[in-house]
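Visitor: If you scroll down you'll find the structure; I have some questions about it.
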Amino acid sequence: MKYRLAALLVCTPLALAAQTAGTPTVDRANTPTVVIGSKNFTESLVLGEIARLAARERGIDVQHKRSLGGTRILWEALRHGDIDAYPEYTGTITHELLHGVPPGAGIGALRTRLAKLGIGITDSLGFNDTYAIGMRDKEAANLHIRSIDDLARHPDLKLAFSNEFMNRADGWPGMKRVYHLPQNARGMDHALAYRALASGAIDAIDLYSTDAEIAYYHLRVLKDDRHYFPRYDAVYLYRLDLDRRAPQFVAALNSLVGTIDAGQMRAMNKAVQIGGQDPTVVAARFLGVQAGGGSIDNFWPQLGRYTLEHLALVGISLSLAIIIAVPLGIFSARHRRLGEVVVGLTGILQTVPSLALFVFMIPLFGIGAEPAIAALFLYSLLPIVRNTHAGLCGIEPSLLESAAALGLPSRVRLWRIELPLALRPILAGIKIAAVINVGTATLGALIGAGGYGQPILTGIRLDSIPLIMEGAIPAALLALVMQGMFEGIERALTPRGLRLRAQG
Amino acid sequence: MPASKDSDAAFALVRATRAFDTVRAVDDVTLSFARGHTSILIGTSGSGKSTLLRLLIGLEWPTAGEVLCDGRPLRRDRLLETRRGVGYVIQEGGLFPHLTVLGNLGLLPRHLGWNAVRVHQQALELAELTHLHPRLLARFPAELSGGQRQRVALMRALMLDPPTLLLDEPLGALDPLVRHGLQEELREIFRRLGKTVIMVTHDMAEAAFFSSRLILMRRGRVQQDGSLEDFRHAPANEFVREFLAAHRNLPDEVA
């Protein structure tokens, strides 16, 4: 009887999680021997698919974890063995991943350095996808801007760069210094930046020299007279233990060396980005092989899969949070001093930006659902701990005293008096955590956790509002359902005597 | 009256002090409460009378001196037993709003292993004693009047038939008519049950109505310990005189 309350509190989300756990994102038993990853932009995705299909032709089953996010996430995942290979660029390796490599070092020098880390590198795939600066052709013509040097004469120009470019050693900070540029730039998602540039909201953006949008949006690529941007030869990075585990896969990667020129890459990017074709189909056409079935889901089954993945993320993380946070809240209400520390610590967790928290979890849990669940769990702690604490501390002291004076042991007082009286604030805290959780879980797609974030991410990449809505609308609906569900639970569990008091 | 450790005292305080920071709510008090008698702690608000009551069941602990229960010092590891031997009633009743009247009454007995039938039987008997309509046992506290709530609080205190009752302004929150009626009933109940009763009030007339032993407190110290007649004819100090003078409707004779 006295455990009924706790059982209900804990079991509802657990049951939810258990239902969805039947279809986990990665089925361990059938995990392929080789996993390839790709970054969250079209070219990386296409190169990932090309590698997967080339390996399949050699009889190796490769799983492709698509659109995992930025360089950091992929590199960490490769180092930790969550993925075995991913497409990368020599400039990025030189400036971002390794330290103390002279600029302009050849692939041979990189290979030596990477080998010490257990990482292998192929030779160039055949094209140099360097950074470049682009403007609307018309505006550039009006202002007589041909090279990056010319930008310095127009301090009023609004610059917006991808967040990665804003922060990298070979990105905006160095470019501003080398070209003595007076402007201040702001960060923006790469795919969105094209839209903003086309609409005239901004005047110049960073782009990749193989981007499909250059022609599509009638952009002018500014000349890099001072040779500021290093070479960005496309290569595959892979774990050296593949030489032993799956030598056929390494052979497949090497077979692609020198086969893709810049024109071909730009055409493939355009086919996906602007033509709306499936990356798998585009990659297969390039290799001259069959795309193979199974990769293209229909709308409803796909939505179902996203929903199950999302529910698993939310359900498991929320259940864990309830199991940990309610006792933590009880503890902090009992020990006021130490309690302040506990509530303060969970508060600090809340101040960590959500994307950063997701990335912090990668070294501990790899990529996929686990780190996302860990991050969501940490995020859910504060509302529950704080509300449990506040609910227990808010009980009328005369009631606590009456319970003590009766001669009831403290454990019985907790279960029969204090928790029932604090039930409403506790449930409210869980409800807040659940609703926040549903929204934050969409970030999980960035680290391979799937869920509603997947279509949102793809939608941003392809600049497709309908695709973004495919994730955003169900996520919003799920948040509403969660809210309604917890309000129902609250109504069902609130003793009638308390409802009377609330009315009177 | 000197403190004694004789077994006639249900509770006693020996030079007990309870200090909160710099304020001594109870200041070097020595008292004993005889078994089977009704004693009244009286004083203005902040005089320390409630704190003294709370010291007796370990809701507060003395910062100096000792509290004795049945002649033995109060011990933290025997607190539950001590409290179960005492019925404690406070001003607003302290009823748990999420439980029905029967739920409130049965909380401790059920924990101690009583079955539902026994709880219900005892509740019906006490309802008769306190003149509470049995129909109200299924109600929640929010559905009761103030007087009914205090009757339930008293019933809850009496469920285990404890030898001692501590009442902290049990009638303080009631309107005068209800209060008057309940005073009569309570005195009758105390008389019939023959329990040790220690009651706190700030009303001299109520105090005199319930008992011939009044303990007047001020700033944590006992000013005078005796009957209303003692207070009248031999006030211990100027404060006692003033306190009496402030109460207009005192009876001429103790009833």
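To be explicit about the labels: the chains of the structure tokens are called A, B, and onward in the order shown, and within each one the residues are counted from 1, while ligands get numbers from 1 in the order they are shown.
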Would you give me, as CSV, each residue of chain A having an atom within 12 Å of an atom of chain B, along with its shortest atom pair and that distance in Å to one decimal, using only C-alpha atoms and sorting by chain and residue number?
Guide:
```
residue,atom,partner,partner_atom,distance
A:Lys2,CA,B:His111,CA,11.1
A:Ile395,CA,B:Phe96,CA,10.8
A:Glu396,CA,B:Gly94,CA,9.3
A:Pro397,CA,B:Gly94,CA,9.4
A:Ser398,CA,B:Gly94,CA,6.0
A:Leu399,CA,B:Gly94,CA,5.2
A:Leu400,CA,B:Gly94,CA,8.6
A:Glu401,CA,B:Leu59,CA,7.5
A:Ser402,CA,B:Gly94,CA,5.7
A:Ala403,CA,B:Gly94,CA,8.4
A:Ala404,CA,B:Leu59,CA,7.8
A:Ala405,CA,B:Arg83,CA,5.9
A:Leu406,CA,B:Arg83,CA,6.2
A:Gly407,CA,B:Leu80,CA,4.7
A:Leu408,CA,B:Leu108,CA,6.5
A:Pro409,CA,B:Leu80,CA,7.1
A:Ser410,CA,B:Leu80,CA,10.0
A:Arg411,CA,B:His111,CA,11.4
A:Val412,CA,B:His111,CA,8.2
A:Arg413,CA,B:Leu107,CA,9.9
A:Trp415,CA,B:Leu107,CA,11.7
A:Arg416,CA,B:Leu107,CA,8.4
A:Ile417,CA,B:Phe96,CA,7.4
A:Glu418,CA,B:Phe96,CA,9.9
A:Leu419,CA,B:His98,CA,10.8
A:Pro420,CA,B:His98,CA,7.3
A:Leu421,CA,B:His98,CA,7.1
A:Ala422,CA,B:His98,CA,10.7
A:Leu423,CA,B:His98,CA,10.7
A:Arg424,CA,B:His98,CA,12.0
A:Leu493,CA,B:His98,CA,10.9
A:Thr494,CA,B:His98,CA,8.4
A:Pro495,CA,B:His98,CA,5.5
A:Arg496,CA,B:His98,CA,6.8
A:Gly497,CA,B:His98,CA,4.5
A:Leu498,CA,B:His98,CA,5.3
A:Arg499,CA,B:His98,CA,8.6
A:Leu500,CA,B:Ala142,CA,6.2
A:Arg501,CA,B:Ala142,CA,5.8
A:Ala502,CA,B:Ala142,CA,9.5
A:Gln503,CA,B:Ala142,CA,9.6
A:Gly504,CA,B:Ala142,CA,7.5
```
Visitor: Pick out the residues sitting within 6 Å of stretch 37-45 of chain A, and hand them over as a list of chain:residue names; count only C-alpha atoms, and ignore anything fewer than 3 positions along from it in its own chain.
Guide: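 My list of contacting residues is A:Gly48, A:His64, A:Lys65, A:Arg66, A:Ser67, A:Leu68, A:Gly69, A:Gly70, A:Tyr86, A:Asn269.
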Visitor: Take the selection from the previous step and output its residues with C-alpha atoms, as a PDB file, in the first residue's frame.
Guide:
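Saved result, part-v3.pdb, follows:
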```
ATOM      1  CA  GLY A  48      30.137   8.006 -46.413  1.00  0.00           C
ATOM      2  CA  HIS A  64      26.773   4.067 -41.927  1.00  0.00           C
ATOM      3  CA  LYS A  65      26.055   6.389 -39.016  1.00  0.00           C
ATOM      4  CA  ARG A  66      24.909   9.453 -40.890  1.00  0.00           C
ATOM      5  CA  SER A  67      25.088  13.109 -39.969  1.00  0.00           C
ATOM      6  CA  LEU A  68      26.761  12.725 -36.605  1.00  0.00           C
ATOM      7  CA  GLY A  69      27.577  16.417 -36.176  1.00  0.00           C
ATOM      8  CA  GLY A  70      30.906  18.227 -36.432  1.00  0.00           C
ATOM      9  CA  TYR A  86      34.890   8.703 -41.778  1.00  0.00           C
ATOM     10  CA  ASN A 269      26.300  17.578 -53.996  1.00  0.00           C
TER      11      ASN A 269
END
```
Visitor: Could you pull the residues within 8 Å of A:Arg231, counting only C-alpha atoms, minus those fewer than 4 positions along the same chain, as JSON, numbers by chain?
Guide: {"A": [90, 91, 104, 128, 129, 130]}
Visitor: For N, CA and C atoms, I'd like the residues from the last selection saved as a PDB file, in the first residue's frame.
Guide:
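As written to disk, selection32.pdb reads:
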```pdb
ATOM      1  N   THR A  90      42.322  17.147 -45.473  1.00  0.00           N
ATOM      2  CA  THR A  90      43.700  17.273 -44.954  1.00  0.00           C
ATOM      3  C   THR A  90      43.886  18.567 -44.167  1.00  0.00           C
ATOM      4  N   GLY A  91      43.279  19.665 -44.615  1.00  0.00           N
ATOM      5  CA  GLY A  91      43.411  20.939 -43.901  1.00  0.00           C
ATOM      6  C   GLY A  91      42.880  20.833 -42.483  1.00  0.00           C
ATOM      7  N   GLY A 104      50.776  23.028 -44.760  1.00  0.00           N
ATOM      8  CA  GLY A 104      51.193  22.559 -46.068  1.00  0.00           C
ATOM      9  C   GLY A 104      51.894  21.216 -46.028  1.00  0.00           C
ATOM     10  N   ASN A 128      40.012  18.954 -54.068  1.00  0.00           N
ATOM     11  CA  ASN A 128      40.393  19.834 -52.971  1.00  0.00           C
ATOM     12  C   ASN A 128      39.181  20.681 -52.624  1.00  0.00           C
ATOM     13  N   ASP A 129      38.579  20.401 -51.489  1.00  0.00           N
ATOM     14  CA  ASP A 129      37.369  21.133 -51.086  1.00  0.00           C
ATOM     15  C   ASP A 129      37.757  22.170 -50.047  1.00  0.00           C
ATOM     16  N   THR A 130      38.432  23.213 -50.489  1.00  0.00           N
ATOM     17  CA  THR A 130      38.934  24.180 -49.520  1.00  0.00           C
ATOM     18  C   THR A 130      37.849  25.165 -49.137  1.00  0.00           C
TER      19      THR A 130
END
```
Visitor: Compare B:Met199, B:Ser45, B:Arg213, B:Leu52 by their minimum atom-to-atom distance to B:Asp225, counting only C-alpha atoms, and give me the closest one.
Guide: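 Of B:Met199, B:Ser45, B:Arg213, B:Leu52, the one nearest B:Asp225, counting only C-alpha atoms, is B:Arg213.
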Visitor: Can you list, as number ranges by chain, every protein, DNA or RNA residue that comes within 10 Å of A:Asp156 when you count only C-alpha atoms, leaving out same-chain residues fewer than 4 positions away?
Guide: A: 151-152, 182-184, 203
Visitor: If you count only C-alpha atoms, which residues fall within 12 Å of stretch 122-124 of chain A, apart from same-chain ones fewer than 3 positions away, as a VMD selection string?
Guide: chain A and resid 85 to 91 106 to 111 114 to 115 119 127 to 129 231 to 240 249 to 262
Visitor: Store the residues of this selection in a file with C-alpha atoms, as a CSV table (one decimal), in the first residue's frame.
Guide:
```csv
chain,number,residue,atom,x,y,z
A,85,ALA,CA,36.2,5.4,-40.5
A,86,TYR,CA,34.9,8.7,-41.8
A,87,PRO,CA,35.6,11.2,-44.6
A,88,GLU,CA,37.9,14.1,-43.6
A,89,TYR,CA,39.9,16.8,-45.2
A,90,THR,CA,43.7,17.3,-45.0
A,91,GLY,CA,43.4,20.9,-43.9
A,106,GLY,CA,51.8,16.4,-47.2
A,107,ILE,CA,49.6,13.4,-46.6
A,108,GLY,CA,52.8,11.3,-46.0
A,109,ALA,CA,53.7,13.5,-43.0
A,110,LEU,CA,50.1,13.3,-41.7
A,111,ARG,CA,50.2,9.5,-42.1
A,114,LEU,CA,48.2,9.7,-37.3
A,115,ALA,CA,49.8,6.2,-37.2
A,119,ILE,CA,44.6,6.1,-37.2
A,127,PHE,CA,39.5,16.9,-55.2
A,128,ASN,CA,40.4,19.8,-53.0
A,129,ASP,CA,37.4,21.1,-51.1
A,231,ARG,CA,44.5,22.6,-49.1
A,232,TYR,CA,41.5,20.5,-48.1
A,233,ASP,CA,42.1,17.3,-50.0
A,234,ALA,CA,39.3,14.8,-49.3
A,235,VAL,CA,40.5,11.6,-47.6
A,236,TYR,CA,39.2,8.8,-45.5
A,237,LEU,CA,40.4,8.4,-41.9
A,238,TYR,CA,40.2,4.9,-40.5
A,239,ARG,CA,41.3,2.9,-37.5
A,240,LEU,CA,44.5,1.0,-38.2
A,249,PHE,CA,37.3,-2.6,-46.1
A,250,VAL,CA,40.7,-0.7,-46.2
A,251,ALA,CA,41.2,-2.0,-49.7
A,252,ALA,CA,37.8,-0.6,-50.6
A,253,LEU,CA,38.7,2.8,-49.2
A,254,ASN,CA,42.0,2.9,-51.1
A,255,SER,CA,40.2,1.9,-54.3
A,256,LEU,CA,38.4,5.2,-54.2
A,257,VAL,CA,41.6,7.2,-54.1
A,258,GLY,CA,41.9,9.6,-57.1
A,259,THR,CA,38.5,8.7,-58.5
A,260,ILE,CA,36.4,11.8,-57.6
A,261,ASP,CA,37.3,15.1,-59.2
A,262,ALA,CA,35.9,18.5,-58.1
```
Visitor: Can you tell me how far atom CA of A:Arg177 sits from atom CA of A:Ile145, in Å to one decimal?
Guide: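 Separation of atom CA of A:Arg177 and atom CA of A:Ile145: 18.9 Å.
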Visitor: Report as a PyMOL selection string: the residues of stretch 219-403 of chain A with a DSSP assignment of alpha helix (DSSP H), based on the backbone of this structure.
Guide: chain A and resi 242-245+247-255+262-273+279-287+299-334+336-351+354-360+362-365+369-393+397-403
Visitor: If I take atom CA of A:Gln248 and atom CA of A:Thr33, how far is one from the other in Å, to one decimal?
Guide: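 Calculated distance between atom CA of A:Gln248 and atom CA of A:Thr33 is 11.7 Å.
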Visitor: Expressed in Å to a single decimal, how great is the separation between atom CA of B:Gly194 and atom CA of B:Phe209?
Guide: 16.6 Å
Visitor: I'd like the contact shell of B:Ile40 - 7 Å cut-off, only C-alpha atoms, skipping same-chain residues fewer than 5 positions apart - returned as a PyMOL selection string.
Guide: chain B and resi 198-200+207+211+213-215
